[in-house]
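Note: the block below is input.cif and it holds mmCIF, C-alpha atoms.
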data_target
#
loop_
_atom_site.label_atom_id
_atom_site.label_comp_id
_atom_site.auth_asym_id
_atom_site.auth_seq_id
_atom_site.Cartn_x
_atom_site.Cartn_y
_atom_site.Cartn_z
CA MET A 252 -0.84 -0.65 17.66
CA ARG A 253 -3.57 0.10 20.18
CA THR A 254 -5.91 0.98 17.32
CA LEU A 255 -5.71 -2.45 15.66
CA PRO A 256 -8.64 -4.00 17.60
CA LEU A 257 -10.58 -0.82 16.85
CA SER A 258 -10.05 -1.13 13.11
CA LEU A 259 -11.26 -4.74 13.12
CA SER A 260 -14.43 -4.06 15.11
CA GLY A 261 -16.52 -3.07 12.10
CA ILE A 262 -15.36 -6.13 10.15
CA VAL A 263 -16.48 -8.35 13.04
CA VAL A 264 -19.97 -6.84 13.07
CA GLY A 265 -20.44 -6.85 9.30
CA SER A 266 -19.11 -10.39 8.89
CA SER A 267 -21.17 -11.73 11.79
CA ALA A 268 -24.31 -10.22 10.30
CA ALA A 269 -23.51 -12.04 7.05
CA TYR A 270 -23.02 -15.29 8.97
CA ALA A 271 -26.44 -14.82 10.56
CA VAL A 272 -28.07 -14.95 7.10
CA SER A 273 -25.86 -17.82 5.87
CA SER A 274 -23.82 -15.63 3.51
CA PHE A 275 -20.43 -15.84 5.22
CA ASP A 276 -17.37 -16.63 3.10
CA PRO A 277 -14.11 -17.36 5.01
CA THR A 278 -11.91 -16.27 2.10
CA ILE A 279 -13.60 -12.87 1.88
CA PHE A 280 -13.35 -12.54 5.67
CA VAL A 281 -9.60 -13.23 5.74
CA LEU A 282 -8.95 -10.83 2.88
CA ALA A 283 -11.11 -8.15 4.51
CA VAL A 284 -9.17 -8.51 7.77
CA LEU A 285 -5.80 -8.35 6.00
CA THR A 286 -6.88 -5.31 3.99
CA THR A 287 -8.12 -3.55 7.11
CA ILE A 288 -4.90 -4.30 8.98
CA SER A 289 -2.91 -2.96 6.05
CA PHE A 290 -4.95 0.26 6.06
CA GLN A 291 -4.43 0.65 9.80
CA VAL A 292 -0.68 0.08 9.62
CA LEU A 293 -0.52 2.60 6.79
CA SER A 294 -2.43 5.12 8.90
CA ASN A 295 -0.07 4.59 11.84
CA PHE A 296 3.00 5.05 9.63
CA ALA A 297 1.55 8.18 8.02
CA ASN A 298 0.56 9.71 11.36
CA ASP A 299 4.04 9.07 12.74
CA TYR A 300 5.59 10.66 9.66
CA GLY A 301 3.22 13.63 9.41
CA ASP A 302 3.38 14.63 13.07
CA GLY A 303 7.09 13.82 13.22
CA VAL A 304 8.27 16.03 10.37
CA LYS A 305 5.99 18.88 11.51
CA GLY A 306 7.43 18.77 15.01
CA THR A 307 4.07 18.03 16.66
CA ASP A 308 5.56 14.87 18.11
CA ASN A 309 8.07 16.24 20.61
CA LYS A 310 9.15 15.92 24.24
CA ASP A 311 5.95 17.64 25.39
CA ARG A 312 3.66 15.05 23.80
CA LEU A 313 1.99 12.99 26.53
CA GLY A 314 1.41 9.75 24.62
CA PRO A 315 3.85 6.92 23.91
CA GLN A 316 6.83 7.88 21.80
CA ARG A 317 6.63 7.34 18.06
CA GLY A 318 9.38 6.36 15.66
CA ILE A 319 10.54 9.75 14.37
CA GLN A 320 9.94 11.38 17.76
CA SER A 321 12.24 8.89 19.49
CA GLY A 322 14.90 9.14 16.78
CA GLN A 323 14.79 5.41 16.12
CA ILE A 324 13.37 5.87 12.61
CA LYS A 325 14.51 8.42 10.03
CA PRO A 326 11.84 10.31 8.07
CA HIS A 327 13.03 8.96 4.70
CA THR A 328 12.83 5.39 6.03
CA LEU A 329 9.27 5.89 7.21
CA ARG A 330 8.37 7.58 3.94
CA MET A 331 9.57 4.49 2.08
CA ALA A 332 7.54 2.28 4.42
CA ILE A 333 4.44 4.35 3.59
CA TRP A 334 4.98 3.78 -0.14
CA ILE A 335 5.49 0.04 0.34
CA ASN A 336 2.47 -0.26 2.63
CA SER A 337 0.35 1.72 0.14
CA PHE A 338 1.31 -0.73 -2.60
CA ILE A 339 0.38 -3.69 -0.38
CA SER A 340 -2.93 -2.03 0.49
CA VAL A 341 -3.74 -1.55 -3.20
CA LEU A 342 -2.98 -5.20 -3.98
CA LEU A 343 -5.08 -6.47 -1.08
CA THR A 344 -7.97 -4.20 -2.04
CA LEU A 345 -7.93 -5.43 -5.64
CA LEU A 346 -7.75 -9.06 -4.53
CA LEU A 347 -10.59 -8.62 -2.03
CA VAL A 348 -12.81 -6.90 -4.59
CA PHE A 349 -12.08 -9.53 -7.25
CA VAL A 350 -12.89 -12.44 -4.93
CA ALA A 351 -16.05 -10.76 -3.60
CA PHE A 352 -17.56 -9.53 -6.88
CA ARG A 353 -15.76 -11.04 -9.86
CA SER A 354 -18.11 -10.12 -12.75
CA ASN A 355 -20.10 -7.39 -10.94
CA PHE A 356 -18.49 -4.38 -12.61
CA GLN A 357 -20.38 -1.64 -10.74
CA SER A 358 -19.64 -3.04 -7.27
CA THR A 359 -16.04 -3.73 -8.27
CA LEU A 360 -15.52 -0.17 -9.44
CA PHE A 361 -17.24 1.31 -6.38
CA PHE A 362 -15.17 -0.67 -3.86
CA ILE A 363 -11.93 0.04 -5.70
CA GLY A 364 -12.77 3.73 -5.43
CA LEU A 365 -13.64 3.25 -1.76
CA GLY A 366 -10.31 1.52 -1.18
CA ALA A 367 -8.44 4.35 -2.90
CA LEU A 368 -10.27 6.88 -0.73
CA ALA A 369 -9.41 4.89 2.40
CA ILE A 370 -5.71 4.85 1.45
CA ALA A 371 -5.71 8.58 0.74
CA SER A 372 -7.52 9.28 4.02
CA ALA A 373 -5.03 7.18 5.98
CA ILE A 374 -2.11 9.15 4.54
CA PHE A 375 -3.42 12.70 4.51
CA TYR A 376 -4.74 12.77 8.06
CA THR A 377 -1.44 14.34 9.13
CA VAL A 378 0.74 14.34 5.99
CA GLY A 379 0.98 17.46 3.85
CA SER A 380 0.29 21.15 4.30
CA LYS A 381 -3.47 20.62 3.97
CA SER A 382 -3.80 17.55 6.18
CA TYR A 383 -7.39 17.29 7.36
CA GLY A 384 -6.44 16.14 10.86
CA TYR A 385 -4.91 19.57 11.48
CA LYS A 386 -8.18 21.23 10.50
CA GLY A 387 -10.43 19.29 12.88
CA TYR A 388 -12.02 16.89 10.38
CA GLY A 389 -10.51 13.68 11.72
CA ASP A 390 -13.64 12.76 13.65
CA VAL A 391 -15.74 12.72 10.48
CA PHE A 392 -13.35 10.45 8.59
CA VAL A 393 -12.95 8.05 11.52
CA PHE A 394 -16.72 7.81 11.93
CA VAL A 395 -17.25 7.10 8.24
CA PHE A 396 -14.44 4.58 7.70
CA PHE A 397 -14.26 2.84 11.09
CA GLY A 398 -18.04 2.75 11.45
CA LEU A 399 -20.21 2.98 8.34
CA VAL A 400 -17.78 1.75 5.70
CA SER A 401 -16.30 -0.96 7.91
CA VAL A 402 -19.63 -2.47 8.98
CA ILE A 403 -21.91 -1.82 6.00
CA GLY A 404 -19.11 -2.25 3.47
CA SER A 405 -17.82 -5.53 4.87
CA ASN A 406 -21.36 -6.90 5.12
CA TYR A 407 -22.02 -5.95 1.50
CA LEU A 408 -18.97 -7.94 0.42
CA PHE A 409 -20.79 -11.06 1.60
CA VAL A 410 -24.50 -10.45 1.02
CA LYS A 411 -24.32 -8.04 -1.97
CA THR A 412 -27.18 -5.95 -0.55
CA ILE A 413 -27.43 -3.17 2.04
CA ASP A 414 -28.99 -4.07 5.39
CA PHE A 415 -30.23 -0.69 6.55
CA LEU A 416 -30.81 -1.94 10.10
CA LEU A 417 -27.04 -2.45 10.36
CA PHE A 418 -26.60 1.32 10.26
CA LEU A 419 -27.46 1.29 13.98
CA PRO A 420 -24.52 -0.87 15.17
CA ALA A 421 -22.37 0.68 12.43
CA THR A 422 -23.04 4.11 13.87
CA ALA A 423 -22.31 2.77 17.35
CA VAL A 424 -18.93 1.36 16.26
CA GLY A 425 -18.18 4.62 14.47
CA LEU A 426 -18.95 6.73 17.53
CA PHE A 427 -16.86 4.50 19.81
CA SER A 428 -13.99 4.83 17.32
CA VAL A 429 -14.33 8.60 17.31
CA ALA A 430 -14.25 8.47 21.12
CA VAL A 431 -10.79 6.88 20.97
CA LEU A 432 -9.57 9.59 18.59
CA HIS A 433 -11.13 12.28 20.77
CA LEU A 434 -9.39 10.90 23.87
CA ASN A 435 -6.11 11.07 21.98
CA ASN A 436 -6.81 14.66 20.98
CA MET A 437 -7.92 15.69 24.49
CA ARG A 438 -4.72 14.21 25.89
CA ASP A 439 -2.58 16.18 23.42
CA VAL A 440 -4.67 19.36 23.40
CA ILE A 441 -1.96 21.67 24.81
CA ASN A 442 0.80 20.45 22.52
CA ASP A 443 -1.52 20.38 19.49
CA THR A 444 -2.58 23.96 20.19
CA ASN A 445 1.04 25.09 20.25
CA PHE A 446 1.72 23.48 16.85
CA GLY A 447 -1.44 24.56 15.06
CA LYS A 448 -3.10 21.15 15.05
CA ASN A 449 -6.68 22.34 15.40
CA THR A 450 -8.39 19.11 16.34
CA LEU A 451 -11.99 19.18 17.52
CA ALA A 452 -10.72 18.96 21.11
CA VAL A 453 -8.71 22.14 20.51
CA ARG A 454 -11.67 23.88 18.94
CA LEU A 455 -14.18 22.88 21.61
CA GLY A 456 -12.20 23.50 24.78
CA THR A 457 -12.26 21.34 27.89
CA ARG A 458 -15.90 21.67 28.99
CA LYS A 459 -17.44 21.07 25.56
CA SER A 460 -14.91 18.32 24.81
CA ASN A 461 -16.03 16.48 27.94
CA ALA A 462 -19.69 16.80 26.91
CA TYR A 463 -18.86 15.60 23.39
CA HIS A 464 -17.08 12.57 24.80
CA VAL A 465 -20.08 11.68 26.96
CA PHE A 466 -22.21 11.83 23.80
CA LEU A 467 -19.77 9.55 21.95
CA ILE A 468 -19.89 6.92 24.71
CA LEU A 469 -23.58 6.95 25.64
CA THR A 470 -25.18 7.25 22.19
CA PRO A 471 -23.95 3.81 21.04
CA MET A 472 -25.72 2.22 24.00
CA ILE A 473 -28.99 3.93 23.04
CA LEU A 474 -28.55 2.83 19.42
CA THR A 475 -27.93 -0.73 20.60
CA LEU A 476 -31.20 -0.76 22.53
CA VAL A 477 -33.02 0.48 19.42
CA TYR A 478 -31.30 -2.17 17.30
CA ALA A 479 -32.27 -4.91 19.75
CA TYR A 480 -35.88 -3.71 19.63
CA LEU A 481 -36.13 -3.44 15.84
CA SER A 482 -34.15 -6.51 14.88
CA SER A 483 -34.78 -10.17 15.51
CA SER A 484 -31.86 -10.14 17.97
CA PRO A 485 -33.37 -9.43 21.41
CA TYR A 486 -30.23 -10.80 23.08
CA CYS A 487 -28.48 -7.57 22.05
CA TYR A 488 -30.12 -5.96 25.07
CA LEU A 489 -27.49 -7.82 27.09
CA ILE A 490 -24.73 -5.70 25.53
CA VAL A 491 -25.84 -2.68 27.52
CA LEU A 492 -25.84 -4.80 30.67
CA PHE A 493 -22.35 -6.18 30.00
CA LEU A 494 -20.71 -2.90 28.97
CA GLY A 495 -22.68 -0.41 31.04
CA MET A 496 -20.50 -0.50 34.14
CA PRO A 497 -17.12 -0.41 32.34
CA LEU A 498 -18.28 2.50 30.18
CA PHE A 499 -19.65 4.49 33.12
CA GLY A 500 -16.41 3.83 34.98
CA HIS A 501 -14.52 5.11 31.96
CA LEU A 502 -16.61 8.29 31.83
CA LYS A 503 -16.09 8.86 35.54
CA ARG A 504 -12.31 8.66 35.13
CA VAL A 505 -12.33 10.95 32.11
CA LEU A 506 -14.56 13.60 33.67
CA ASN A 507 -12.79 13.53 37.06
CA ARG A 508 -9.23 13.58 35.69
CA HIS A 509 -6.68 15.88 37.31
CA SER A 510 -4.39 16.08 34.28
CA GLU A 511 -4.56 15.16 30.59
CA VAL A 512 -1.94 12.41 31.00
CA GLU A 513 -4.58 10.37 32.86
CA LEU A 514 -6.45 10.02 29.57
CA ASP A 515 -3.73 7.92 27.93
CA PRO A 516 -4.65 4.58 29.59
CA GLU A 517 -8.28 5.17 28.62
CA LEU A 518 -7.41 5.00 24.90
CA LYS A 519 -6.48 1.34 25.05
CA LYS A 520 -9.42 0.51 27.33
CA THR A 521 -11.91 2.20 25.00
CA ALA A 522 -10.45 0.49 21.93
CA ILE A 523 -10.73 -2.90 23.67
CA LEU A 524 -14.29 -2.13 24.82
CA THR A 525 -15.18 -1.25 21.23
CA PHE A 526 -13.82 -4.57 20.01
CA LEU A 527 -15.66 -6.34 22.82
CA TYR A 528 -18.84 -4.53 21.78
CA ALA A 529 -18.35 -5.78 18.21
CA CYS A 530 -17.75 -9.34 19.38
CA LEU A 531 -20.86 -9.27 21.58
CA VAL A 532 -22.96 -8.00 18.68
CA GLY A 533 -21.46 -10.68 16.46
CA VAL A 534 -22.27 -13.48 18.89
CA LEU A 535 -25.69 -12.29 20.04
CA ILE A 536 -27.15 -11.66 16.58
CA ASN A 537 -26.40 -15.30 15.79
CA LEU A 538 -28.27 -16.74 18.77
#

Hey, can you dump this file as structure tokens for me?
Amino acid sequence: MRTLPLSLSGIVVGSSAAYAVSSFDPTIFVLAVLTTISFQVLSNFANDYGDGVKGTDNKDRLGPQRGIQSGQIKPHTLRMAIWINSFISVLLTLLLVFVAFRSNFQSTLFFIGLGALAIASAIFYTVGSKSYGYKGYGDVFVFVFFGLVSVIGSNYLFVKTIDFLLFLPATAVGLFSVAVLHLNNMRDVINDTNFGKNTLAVRLGTRKSNAYHVFLILTPMILTLVYAYLSSSPYCYLIVLFLGMPLFGHLKRVLNRHSEVELDPELKKTAILTFLYACLVGVLINL
């Protein structure tokens, strides 16, 4: 569950921005968190199932063992868990939308559709013969849902308008989230290549993958500086000061690695740094 803090990062930013303009609602916040957690658990189950039944999760995979891979969970059991979790996700989405909008039909319909798309995206990343994760499109979906939808969408639940300035930290959170996925894909690049999982790391090769990862880590810091300049939150400059050294240390370890297995500890660190980034944004925009 190393991705759980990552999935909550956008909610933290969007909710904190709502709090800054006195539009925060604790009930909406709790429901948004529960819905996000449900989506993330569903994604984890689906990824375990999809990679497990396709044989991509095997003894050569460098990451921690998953359920089907280890033999502790049977495919049919995990398939049932996916159905149950999907049902829970639908219920939570409907409840969240009802509490947030009630009589606003257009917003209700839009967010129900967005929830349905999020559920489908969580499942079909690795499940099915046309799973988009096997075609190299995972980065796009992670950026959209973990960044833009999570931040802008959660903020809209509270304020009922779009704060276009929030696209800057939303993009930052999205890029950090993609960095975690990209680390995972760089770690598994050899095994994924052998099983036809054509992630962006497979498509780019080592040198370009490294350059892409540098872009994913450094661009959020630039966007944060721009956000601090344009917004009424000058304290956000401090984020670059606080996170600069850990992020440069991370890049140094990634670029100077001797084997792909050394990337595995960096996944958790990057996910935690992303959540820390979100918390810092949340606190500093309210000062």

TODO: Give as a list in words the residues that the PyMOL selection byres ((chain A and resi 277) around 12) matches when applied to the coordinates above.
DONE: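 On the file shown, the PyMOL selection byres ((chain A and resi 277) around 12) covers Ser266, Ser267, Ala269, Tyr270, Ser273, Ser274, Phe275, Asp276, Thr278, Ile279, Phe280, Val281, Leu282, Ala283, Val284, Leu347, Val350, Ala351, Leu408 and Phe409 of chain A.
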
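Considering all atoms listed in the file, the residue among A:Tyr300, A:Leu342, A:Lys411, A:Val477 positioned nearest to Gln357 (chain A) is A:Lys411.
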
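Compared by their closest atoms to Leu399 (chain A), and using only C-alpha atoms, the residues A:Ile413, A:Val453, A:Cys487, A:Val304 rank with A:Ile413 nearest.
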
- [ ] Go through the shown structure with the PyMOL selection byres ((chain A and resi 528) around 12) and write out the matching residues as a PyMOL selection string.
- [x] chain A and resi 256-257+259-261+263-264+420-421+423-425+427-428+468+471-472+475+487-495+497-498+521-527+529-535

- [ ] Around the point (-18.7, 0.1, 7.8), in the coordinates given by the file, pick out the residues reaching within 9 Å, counting only C-alpha atoms, and return them as a PyMOL selection string.
- [x] chain A and resi 261-262+264-265+394-406+418+421-422+424-425
